[in-house]
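For reference, my_file-v3.txt (compact mmCIF, C-alpha atoms):
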```
# COMPACT_ATOMS: atom_id res chain seq x y z
CA MET A 1 -18.22 -39.57 -8.12
CA THR A 2 -17.54 -41.26 -4.78
CA ILE A 3 -16.68 -39.56 -1.51
CA GLU A 4 -13.21 -41.09 -1.77
CA ASP A 5 -12.78 -39.40 -5.17
CA LEU A 6 -13.81 -36.11 -3.58
CA VAL A 7 -11.38 -36.07 -0.66
CA ARG A 8 -8.40 -38.09 -1.92
CA GLY A 9 -5.46 -35.75 -2.41
CA ALA A 10 -7.37 -32.79 -0.94
CA GLU A 11 -7.08 -33.65 2.76
CA HIS A 12 -4.87 -30.65 3.55
CA ARG A 13 -6.95 -28.27 1.45
CA LEU A 14 -10.13 -29.37 3.24
CA GLY A 15 -8.47 -29.23 6.66
CA LEU A 16 -9.31 -32.85 7.40
CA CYS A 17 -7.82 -34.23 10.60
CA ALA A 18 -10.05 -37.21 11.41
CA ALA A 19 -12.22 -39.63 9.43
CA SER A 20 -14.38 -42.62 10.28
CA GLY A 21 -16.54 -44.98 8.28
CA SER A 22 -14.30 -46.21 5.46
CA PRO A 23 -17.04 -48.36 3.79
CA GLY A 24 -19.05 -45.17 3.29
CA MET A 25 -16.24 -43.67 1.22
CA ASN A 26 -17.58 -45.68 -1.73
CA ARG A 27 -20.91 -43.86 -1.62
CA ARG A 28 -21.70 -41.70 -4.62
CA MET A 29 -22.88 -38.13 -4.67
CA ASP A 30 -25.99 -37.47 -6.74
CA GLN A 31 -25.32 -33.77 -7.24
CA ALA A 32 -22.37 -31.39 -7.27
CA ARG A 33 -23.59 -29.59 -4.17
CA VAL A 34 -23.01 -29.37 -0.45
CA GLN A 35 -25.40 -28.22 2.23
CA THR A 36 -24.93 -26.89 5.75
CA LEU A 37 -26.99 -27.87 8.77
CA GLN A 38 -27.83 -24.63 10.54
CA GLY A 39 -30.48 -23.49 12.98
CA ARG A 40 -32.81 -25.77 14.87
CA PHE A 41 -34.57 -28.97 13.93
CA PRO A 42 -36.15 -29.79 11.53
CA PRO A 43 -33.44 -29.01 9.00
CA ALA A 44 -34.38 -28.92 5.31
CA LEU A 45 -31.88 -31.59 4.26
CA LEU A 46 -31.61 -32.79 0.68
CA PRO A 47 -30.87 -36.45 -0.09
CA GLY A 48 -27.72 -37.52 -1.88
CA ILE A 49 -25.81 -34.33 -1.03
CA ALA A 50 -22.83 -34.02 1.32
CA LEU A 51 -23.63 -32.26 4.60
CA ILE A 52 -21.61 -29.88 6.77
CA ILE A 53 -22.44 -29.68 10.47
CA PRO A 54 -21.00 -26.54 12.14
CA GLY A 55 -18.68 -27.33 14.99
CA HIS A 56 -18.56 -26.17 18.57
CA ILE A 57 -21.91 -24.34 18.86
CA LEU A 58 -24.01 -27.19 17.48
CA HIS A 59 -22.02 -29.89 19.23
CA ALA A 60 -22.35 -28.10 22.57
CA ARG A 61 -26.14 -27.89 22.10
CA TRP A 62 -26.38 -31.53 21.12
CA MET A 63 -24.57 -32.60 24.28
CA HIS A 64 -27.48 -31.19 26.31
CA GLN A 65 -30.29 -32.05 23.88
CA PRO A 66 -29.90 -35.74 23.02
CA ASP A 67 -33.44 -36.02 21.62
CA GLU A 68 -32.79 -33.31 19.02
CA ARG A 69 -29.47 -34.91 18.17
CA LYS A 70 -31.04 -38.36 17.75
CA SER A 71 -33.78 -37.02 15.46
CA ILE A 72 -31.33 -35.25 13.17
CA LEU A 73 -28.97 -38.21 12.96
CA GLN A 74 -31.89 -40.47 12.07
CA LYS A 75 -32.97 -38.07 9.35
CA ILE A 76 -29.44 -37.93 7.94
CA SER A 77 -29.39 -41.73 7.75
CA SER A 78 -32.82 -42.00 6.11
CA LEU A 79 -32.07 -39.39 3.43
CA ARG A 80 -29.03 -41.19 1.96
CA ILE A 81 -26.70 -38.35 2.92
CA PRO A 82 -23.42 -39.67 1.43
CA ALA A 83 -21.02 -38.01 3.90
CA VAL A 84 -20.97 -35.67 6.87
CA PHE A 85 -18.24 -33.09 7.49
CA LEU A 86 -17.84 -31.58 10.97
CA SER A 87 -16.46 -28.06 10.67
CA GLY A 88 -14.25 -26.51 13.33
CA SER A 89 -13.55 -29.96 14.79
CA ARG A 90 -10.47 -32.03 15.43
CA CYS A 91 -12.27 -35.22 16.42
CA ILE A 92 -15.51 -37.10 15.80
CA PRO A 93 -17.81 -37.33 18.85
CA ASP A 94 -18.91 -40.79 19.93
CA TYR A 95 -22.58 -40.04 19.26
CA PHE A 96 -21.86 -40.31 15.53
CA ASP A 97 -21.02 -44.03 15.91
CA PRO A 98 -24.55 -45.28 15.07
CA LEU A 99 -24.59 -43.12 11.94
CA ILE A 100 -21.25 -44.56 10.86
CA ARG A 101 -21.87 -48.22 11.76
CA GLN A 102 -25.57 -48.63 11.02
CA GLY A 103 -26.03 -45.94 8.36
CA GLY A 104 -22.76 -46.68 6.57
CA ILE A 105 -22.01 -42.96 6.33
CA SER A 106 -18.48 -41.52 6.42
CA VAL A 107 -17.95 -38.74 8.94
CA MET A 108 -14.93 -36.43 8.71
CA ALA A 109 -13.69 -33.64 10.96
CA SER A 110 -12.17 -30.46 9.53
CA VAL A 111 -10.38 -27.65 11.33
CA HIS A 112 -11.89 -25.11 8.89
CA ASP A 113 -15.04 -23.19 9.82
CA GLU A 114 -18.23 -24.03 7.94
CA PHE A 115 -17.87 -21.14 5.48
CA LEU A 116 -14.32 -21.95 4.37
CA LEU A 117 -15.04 -25.68 4.35
CA GLU A 118 -18.16 -25.23 2.21
CA SER A 119 -16.27 -22.99 -0.22
CA ARG A 120 -13.46 -25.50 -0.62
CA LEU A 121 -15.80 -28.46 -0.94
CA ARG A 122 -17.73 -26.66 -3.67
CA GLY A 123 -14.48 -25.85 -5.45
CA ARG A 124 -13.35 -29.45 -5.19
CA LEU A 125 -16.66 -30.70 -6.57
CA ARG A 126 -16.41 -28.31 -9.49
CA GLU A 127 -12.88 -29.45 -10.23
CA LYS A 128 -13.87 -33.10 -10.24
CA ILE A 129 -17.12 -32.80 -12.16
CA GLU A 130 -16.71 -29.77 -14.42
CA ARG A 131 -12.92 -30.10 -14.75
CA ILE A 132 -12.43 -26.39 -14.10
CA CYS A 133 -10.59 -24.71 -11.24
CA PHE A 134 -9.27 -21.26 -10.40
CA MET A 135 -5.90 -20.08 -9.12
CA HIS A 136 -4.45 -16.67 -8.32
CA GLY A 137 -1.34 -15.35 -10.03
CA VAL A 138 0.02 -14.04 -13.31
CA LEU A 139 -0.13 -16.27 -16.36
CA LEU A 140 2.42 -16.02 -19.19
CA ASN A 141 3.92 -18.03 -21.99
CA VAL A 142 7.72 -18.07 -21.53
CA PHE A 143 9.91 -19.72 -24.17
CA GLY A 144 6.78 -21.41 -25.54
CA SER A 145 5.71 -22.87 -22.18
CA GLY A 146 2.72 -21.77 -20.10
CA VAL A 147 3.93 -20.49 -16.72
CA LEU A 148 1.83 -19.43 -13.74
CA LEU A 149 3.59 -17.02 -11.37
CA ALA A 150 2.02 -17.62 -7.98
CA GLY A 151 3.07 -16.92 -4.41
CA ASP A 152 2.97 -14.38 -1.62
CA SER A 153 0.85 -11.26 -2.00
CA GLY A 154 2.83 -8.11 -2.74
CA ILE A 155 5.87 -9.97 -3.97
CA GLY A 156 5.74 -8.31 -7.40
CA LYS A 157 4.14 -10.95 -9.62
CA THR A 158 2.26 -8.48 -11.83
CA THR A 159 5.22 -6.14 -12.27
CA LEU A 160 7.43 -9.09 -13.14
CA GLY A 161 4.86 -10.39 -15.62
CA ILE A 162 4.71 -7.03 -17.40
CA ARG A 163 8.50 -6.92 -17.65
CA LEU A 164 8.58 -10.43 -19.09
CA ALA A 165 5.96 -9.47 -21.70
CA ARG A 166 7.89 -6.35 -22.66
CA ARG A 167 10.98 -8.50 -23.05
CA GLY A 168 9.23 -10.55 -25.73
CA HIS A 169 7.37 -13.26 -23.81
CA LEU A 170 3.59 -13.51 -24.04
CA TRP A 171 1.20 -12.13 -21.45
CA VAL A 172 -2.03 -14.09 -20.86
CA ALA A 173 -3.76 -12.89 -17.68
CA ASP A 174 -3.51 -11.38 -14.21
CA ASP A 175 -5.20 -12.15 -10.87
CA VAL A 176 -7.83 -14.93 -11.19
CA ILE A 177 -6.69 -17.66 -13.59
CA GLU A 178 -9.21 -20.16 -14.96
CA ILE A 179 -7.79 -23.61 -15.62
CA GLU A 180 -9.67 -26.21 -17.65
CA ARG A 181 -8.75 -29.81 -18.24
CA LYS A 182 -8.91 -30.97 -21.85
CA GLY A 183 -7.84 -34.60 -22.12
CA SER A 184 -4.35 -34.83 -20.66
CA ARG A 185 -3.66 -31.08 -20.93
CA LEU A 186 -4.52 -28.06 -18.82
CA LEU A 187 -5.63 -24.94 -20.69
CA ALA A 188 -5.27 -21.71 -18.71
CA ARG A 189 -6.76 -18.27 -19.32
CA GLY A 190 -7.93 -15.23 -17.42
CA HIS A 191 -11.30 -15.21 -15.68
CA GLN A 192 -13.98 -13.79 -17.96
CA ARG A 193 -14.50 -10.77 -15.69
CA SER A 194 -10.85 -9.74 -15.56
CA ARG A 195 -9.03 -11.38 -18.49
CA ARG A 196 -8.53 -8.03 -20.29
CA LEU A 197 -7.56 -6.12 -17.14
CA VAL A 198 -4.36 -5.75 -15.14
CA HIS A 199 -3.82 -4.32 -11.67
CA VAL A 200 -0.77 -2.05 -11.64
CA LYS A 201 0.21 -0.78 -8.20
CA ALA A 202 0.97 2.75 -9.40
CA SER A 203 -2.18 3.32 -11.45
CA GLY A 204 -4.69 0.72 -10.24
CA ILE A 205 -6.82 -1.47 -12.52
CA THR A 206 -6.44 -0.68 -16.20
CA GLU A 207 -6.97 -2.35 -19.57
CA THR A 208 -4.16 -4.72 -20.49
CA ARG A 209 -3.89 -3.24 -24.00
CA ARG A 210 -2.74 0.05 -22.47
CA ILE A 211 0.21 -1.68 -20.83
CA ILE A 212 1.14 -4.51 -23.18
CA LYS A 213 1.01 -4.37 -26.97
CA GLN A 214 -1.13 -6.76 -29.00
CA GLY A 215 1.80 -8.83 -30.30
CA ASN A 216 2.81 -9.71 -26.75
CA ARG A 217 -0.62 -10.90 -25.60
CA LEU A 218 -2.18 -14.34 -25.79
CA ASP A 219 -5.76 -15.41 -25.00
CA GLU A 220 -4.84 -18.74 -23.40
CA THR A 221 -1.99 -21.19 -23.04
CA VAL A 222 -1.34 -24.76 -22.02
CA LEU A 223 -0.18 -24.73 -18.39
CA ASP A 224 3.25 -26.35 -18.13
CA LEU A 225 4.82 -24.96 -14.94
CA VAL A 226 3.94 -23.23 -11.67
CA ILE A 227 6.53 -20.93 -10.09
CA GLU A 228 5.79 -20.03 -6.48
CA ALA A 229 7.58 -17.00 -5.05
CA VAL A 230 7.98 -16.88 -1.27
CA ARG A 231 9.71 -14.44 1.03
CA ARG A 232 13.05 -15.73 2.27
CA ASP A 233 11.90 -15.50 5.90
CA ARG A 234 9.23 -18.12 5.18
CA PRO A 235 10.37 -20.46 2.41
CA ARG A 236 10.04 -24.18 2.72
CA PRO A 237 13.18 -26.02 3.77
CA GLY A 238 15.73 -26.58 1.08
CA GLY A 239 17.49 -23.45 -0.08
CA ALA A 240 16.81 -20.49 -2.35
CA SER A 241 15.05 -22.37 -5.10
CA LYS A 242 14.05 -25.97 -5.40
CA ASP A 243 11.85 -28.41 -7.25
CA LYS A 244 8.75 -29.28 -5.27
CA GLU A 245 6.74 -32.39 -5.78
CA ALA A 246 4.74 -31.75 -8.89
CA ARG A 247 1.52 -29.98 -8.02
CA GLU A 248 -1.72 -31.81 -8.75
CA ILE A 249 -4.19 -29.66 -10.67
CA LEU A 250 -7.40 -31.33 -11.86
CA SER A 251 -5.70 -34.73 -11.41
CA ILE A 252 -2.76 -33.75 -13.67
CA MET A 253 0.71 -33.39 -12.16
CA VAL A 254 2.30 -30.05 -13.09
CA PRO A 255 5.99 -29.27 -12.38
CA CYS A 256 6.34 -26.67 -9.63
CA LEU A 257 9.39 -24.61 -8.67
CA GLU A 258 9.64 -22.60 -5.47
CA ILE A 259 11.87 -19.51 -5.46
CA ALA A 260 12.76 -17.66 -2.27
CA VAL A 261 13.02 -13.88 -2.52
CA ASP A 262 14.85 -11.63 -0.05
CA THR A 263 12.66 -9.35 2.06
CA GLY A 264 12.26 -6.01 0.30
CA ARG A 265 13.40 -7.40 -3.05
CA TYR A 266 11.61 -8.98 -6.01
CA MET A 267 12.16 -11.76 -8.53
CA THR A 268 13.99 -10.65 -11.65
CA VAL A 269 13.17 -11.39 -15.28
CA SER A 270 16.42 -13.27 -15.75
CA ARG A 271 15.76 -15.44 -12.73
CA VAL A 272 12.40 -16.56 -14.10
CA GLU A 273 13.86 -17.19 -17.55
CA GLN A 274 16.68 -19.26 -16.05
CA ALA A 275 14.21 -21.22 -13.92
CA VAL A 276 11.95 -22.04 -16.87
CA HIS A 277 14.91 -22.96 -19.07
CA SER A 278 16.47 -25.24 -16.41
CA VAL A 279 13.21 -27.03 -15.56
CA PHE A 280 12.39 -27.92 -19.17
CA LYS A 281 15.99 -28.70 -20.07
CA ARG A 282 16.07 -31.29 -17.27
CA ARG A 283 12.74 -32.71 -18.49
CA GLN A 284 14.11 -33.11 -22.02
CA GLU A 285 17.29 -34.73 -20.74
CA GLY A 286 15.30 -37.04 -18.50
```

Before anything else, please render the file you have as structure tokens.
Amino acid sequence: MTIEDLVRGAEHRLGLCAASGSPGMNRRMDQARVQTLQGRFPPALLPGIALIIPGHILHARWMHQPDERKSILQKISSLRIPAVFLSGSRCIPDYFDPLIRQGGISVMASVHDEFLLESRLRGRLREKIERICFMHGVLLNVFGSGVLLAGDSGIGKTTLGIRLARRGHLWVADDVIEIERKGSRLLARGHQRSRRLVHVKASGITETRRIIKQGNRLDETVLDLVIEAVRRDRPRPGGASKDKEAREILSIMVPCLEIAVDTGRYMTVSRVEQAVHSVFKRRQEG
């Protein structure tokens, strides 16, 4: 996998705001790992693995210790580090120019701190190489289509999912949803640690079988649609509900519908059913 494969389409997720060294984007990563440069020289860097350099603290030190900076940059170049990410940064300092021009290494600046950036880079690597990712929400099968209810915390996703299951639709999982790419399809299921559990506000975490009967439960489903619920005071422009650009999950475009919910209120079963029906009716007609 090349560095371009890693970051393309994930710029916002990775918080990228500056990049330099386009020829280096064709470099390949040897392993599905990232490493972070911390502490003082000499760092224990590993070749062929993307590197994160923490932002303001390290940069401030390097401004006053050019010899240390030069030694580390030379080591990065000699170890075939495929790419360098600067966390907590909005620009790329000039002293990275030799690394970019002579070493042929891409350098990118991210507004995220090193911990968030490392977490998201690891997740992105796993998606690309293992073809597995994780999302939060409630997963159901509605009218024969796999639907992930996502959106703002506390907006009633779990309660709505239980009501849909009791109405005759199929419950799959709550909270952490594991999504795996199989060919041109996405298979979705609950995370192995929580797939048989549900978090009900009134009673806490309990076994799903105590809430939803066996005939209304499903182990996994093909993911066909994402519904994102947002509070009306912070929806995206465009009205109460709208089609978004299809969401890319593991390089597959999945239809996504955003529904705005009034403050203090929750999505209803009928509203979800109508949304699912209208989305797939339009797809069949198209």

- Task: Within 7 Å of segment 82-87 of chain A, counting only C-alpha atoms, which residues show up once you throw out same-chain ones fewer than 6 positions away? Write them as a PyMOL selection string, please.
- Result: chain A and resi 27-29+48-55+105-114+117

- Message: Just to confirm, what's the straight-line distance from atom CA of Ser89 of chain A to atom CA of Gly15 of chain A in Å (one decimal)?
- Response: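 Rounded to one decimal, the two atoms are 9.6 Å apart.
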
With a cut-off of 9 Å, could you pull out the residues of segment 121-182 of chain A touching segment 215-222 of chain A and give me the nearest pair of atoms for each, distance in Å to one decimal, using all atoms listed in the file, ordered by chain and ascending number, as JSON lines?
```
{"residue": "A:Leu139", "atom": "CA", "partner": "A:Thr221", "partner_atom": "CA", "distance": 8.5}
{"residue": "A:Leu140", "atom": "CA", "partner": "A:Thr221", "partner_atom": "CA", "distance": 7.8}
{"residue": "A:Asn141", "atom": "CA", "partner": "A:Thr221", "partner_atom": "CA", "distance": 6.8}
{"residue": "A:Ser145", "atom": "CA", "partner": "A:Val222", "partner_atom": "CA", "distance": 7.3}
{"residue": "A:Gly146", "atom": "CA", "partner": "A:Val222", "partner_atom": "CA", "distance": 5.4}
{"residue": "A:Val147", "atom": "CA", "partner": "A:Val222", "partner_atom": "CA", "distance": 8.6}
{"residue": "A:Ala165", "atom": "CA", "partner": "A:Asn216", "partner_atom": "CA", "distance": 6.0}
{"residue": "A:Arg166", "atom": "CA", "partner": "A:Asn216", "partner_atom": "CA", "distance": 7.3}
{"residue": "A:Gly168", "atom": "CA", "partner": "A:Asn216", "partner_atom": "CA", "distance": 6.6}
{"residue": "A:His169", "atom": "CA", "partner": "A:Asn216", "partner_atom": "CA", "distance": 6.5}
{"residue": "A:Leu170", "atom": "CA", "partner": "A:Asn216", "partner_atom": "CA", "distance": 4.7}
{"residue": "A:Trp171", "atom": "CA", "partner": "A:Arg217", "partner_atom": "CA", "distance": 4.7}
{"residue": "A:Val172", "atom": "CA", "partner": "A:Leu218", "partner_atom": "CA", "distance": 4.9}
{"residue": "A:Ala173", "atom": "CA", "partner": "A:Asp219", "partner_atom": "CA", "distance": 8.0}
```

Those same residues - C-alpha atoms - I'd like them written as a JSON list (two decimals), in the frame of the given file.
```json
[["chain", "number", "residue", "atom", "x", "y", "z"],
["A", 139, "LEU", "CA", -0.13, -16.27, -16.36],
["A", 140, "LEU", "CA", 2.42, -16.02, -19.19],
["A", 141, "ASN", "CA", 3.92, -18.03, -21.99],
["A", 145, "SER", "CA", 5.71, -22.87, -22.18],
["A", 146, "GLY", "CA", 2.72, -21.77, -20.10],
["A", 147, "VAL", "CA", 3.93, -20.49, -16.72],
["A", 165, "ALA", "CA", 5.96, -9.47, -21.70],
["A", 166, "ARG", "CA", 7.89, -6.35, -22.66],
["A", 168, "GLY", "CA", 9.23, -10.55, -25.73],
["A", 169, "HIS", "CA", 7.37, -13.26, -23.81],
["A", 170, "LEU", "CA", 3.59, -13.51, -24.04],
["A", 171, "TRP", "CA", 1.20, -12.13, -21.45],
["A", 172, "VAL", "CA", -2.03, -14.09, -20.86],
["A", 173, "ALA", "CA", -3.76, -12.89, -17.68]]
```

- Task: Find the residue from A:Thr2, A:Gln65, A:Gln274, A:Gln284 that sits nearest to Pro23 of chain A; use all atoms listed in the file when measuring.
- Result: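 Among the listed residues, A:Thr2 lies closest to Pro23 of chain A.
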
- Might you pull out every residue within 6 Å of segment 150-159 of chain A, with only C-alpha atoms counted and same-chain residues fewer than 2 positions away left off, and present them as an MDAnalysis selection string? chainID A and resid 137 161:162 227:230

- Name the residues in contact with Met135 of chain A at a cut-off of 8 Å, using all atoms listed in the file, excluding same-chain residues fewer than 6 positions from it; report them as a list in words. Val176, Ile177, Glu178 and Ile179 of chain A

- Suppose you want the space between atom CA of His12 of chain A and atom CA of Gly104 of chain A; what is it in Å?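 For atom CA of His12 of chain A relative to atom CA of Gly104 of chain A, the distance reads 24.2 Å.
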
- Query: Looking at A:Gln74, A:His136, A:Arg13, A:Ser251, which one is nearest to Glu118 of chain A, with distances taken over only C-alpha atoms?
  - Reply: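 That would be A:Arg13, the residue with the smallest distance to Glu118 of chain A.
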
- Tell me which of A:Leu116, A:Pro47, A:Leu99, A:Leu164 sits closest to Val269 of chain A, counting only C-alpha atoms. A:Leu164

Model the absent atoms of segment 10-26 of chain A so that N, CA and C atoms are present, and write the result as a PDB file, in the frame of the given file.
```pdb
ATOM      1  N   ALA A  10      -6.946 -34.138  -1.346  1.00  0.00           N
ATOM      2  CA  ALA A  10      -7.370 -32.790  -0.940  1.00  0.00           C
ATOM      3  C   ALA A  10      -7.521 -32.693   0.578  1.00  0.00           C
ATOM      4  N   GLU A  11      -6.926 -33.628   1.305  1.00  0.00           N
ATOM      5  CA  GLU A  11      -7.080 -33.650   2.760  1.00  0.00           C
ATOM      6  C   GLU A  11      -6.596 -32.350   3.402  1.00  0.00           C
ATOM      7  N   HIS A  12      -5.418 -31.884   2.969  1.00  0.00           N
ATOM      8  CA  HIS A  12      -4.870 -30.650   3.550  1.00  0.00           C
ATOM      9  C   HIS A  12      -5.725 -29.445   3.174  1.00  0.00           C
ATOM     10  N   ARG A  13      -6.120 -29.374   1.935  1.00  0.00           N
ATOM     11  CA  ARG A  13      -6.950 -28.270   1.450  1.00  0.00           C
ATOM     12  C   ARG A  13      -8.275 -28.185   2.200  1.00  0.00           C
ATOM     13  N   LEU A  14      -8.849 -29.339   2.528  1.00  0.00           N
ATOM     14  CA  LEU A  14     -10.130 -29.370   3.240  1.00  0.00           C
ATOM     15  C   LEU A  14      -9.963 -29.325   4.746  1.00  0.00           C
ATOM     16  N   GLY A  15      -8.722 -29.316   5.220  1.00  0.00           N
ATOM     17  CA  GLY A  15      -8.470 -29.230   6.660  1.00  0.00           C
ATOM     18  C   GLY A  15      -8.854 -30.474   7.425  1.00  0.00           C
ATOM     19  N   LEU A  16      -8.860 -31.635   6.757  1.00  0.00           N
ATOM     20  CA  LEU A  16      -9.310 -32.850   7.400  1.00  0.00           C
ATOM     21  C   LEU A  16      -8.274 -33.373   8.396  1.00  0.00           C
ATOM     22  N   CYS A  17      -8.745 -33.717   9.581  1.00  0.00           N
ATOM     23  CA  CYS A  17      -7.820 -34.230  10.600  1.00  0.00           C
ATOM     24  C   CYS A  17      -8.324 -35.517  11.240  1.00  0.00           C
ATOM     25  N   ALA A  18      -9.521 -35.949  10.910  1.00  0.00           N
ATOM     26  CA  ALA A  18     -10.050 -37.210  11.410  1.00  0.00           C
ATOM     27  C   ALA A  18     -11.120 -37.708  10.450  1.00  0.00           C
ATOM     28  N   ALA A  19     -11.207 -39.035  10.307  1.00  0.00           N
ATOM     29  CA  ALA A  19     -12.220 -39.630   9.430  1.00  0.00           C
ATOM     30  C   ALA A  19     -12.610 -40.983   9.978  1.00  0.00           C
ATOM     31  N   SER A  20     -13.879 -41.324   9.827  1.00  0.00           N
ATOM     32  CA  SER A  20     -14.380 -42.620  10.280  1.00  0.00           C
ATOM     33  C   SER A  20     -15.453 -43.100   9.326  1.00  0.00           C
ATOM     34  N   GLY A  21     -15.528 -44.410   9.174  1.00  0.00           N
ATOM     35  CA  GLY A  21     -16.540 -44.980   8.280  1.00  0.00           C
ATOM     36  C   GLY A  21     -16.006 -45.216   6.888  1.00  0.00           C
ATOM     37  N   SER A  22     -14.928 -45.994   6.771  1.00  0.00           N
ATOM     38  CA  SER A  22     -14.300 -46.210   5.460  1.00  0.00           C
ATOM     39  C   SER A  22     -15.225 -46.864   4.444  1.00  0.00           C
ATOM     40  N   PRO A  23     -16.142 -47.801   4.817  1.00  0.00           N
ATOM     41  CA  PRO A  23     -17.040 -48.360   3.790  1.00  0.00           C
ATOM     42  C   PRO A  23     -17.895 -47.283   3.110  1.00  0.00           C
ATOM     43  N   GLY A  24     -18.237 -46.238   3.862  1.00  0.00           N
ATOM     44  CA  GLY A  24     -19.050 -45.170   3.290  1.00  0.00           C
ATOM     45  C   GLY A  24     -18.327 -44.321   2.275  1.00  0.00           C
ATOM     46  N   MET A  25     -17.002 -44.464   2.189  1.00  0.00           N
ATOM     47  CA  MET A  25     -16.240 -43.670   1.220  1.00  0.00           C
ATOM     48  C   MET A  25     -16.573 -44.068  -0.209  1.00  0.00           C
ATOM     49  N   ASN A  26     -17.186 -45.238  -0.391  1.00  0.00           N
ATOM     50  CA  ASN A  26     -17.580 -45.680  -1.730  1.00  0.00           C
ATOM     51  C   ASN A  26     -18.948 -45.162  -2.147  1.00  0.00           C
TER      52      ASN A  26
END
```
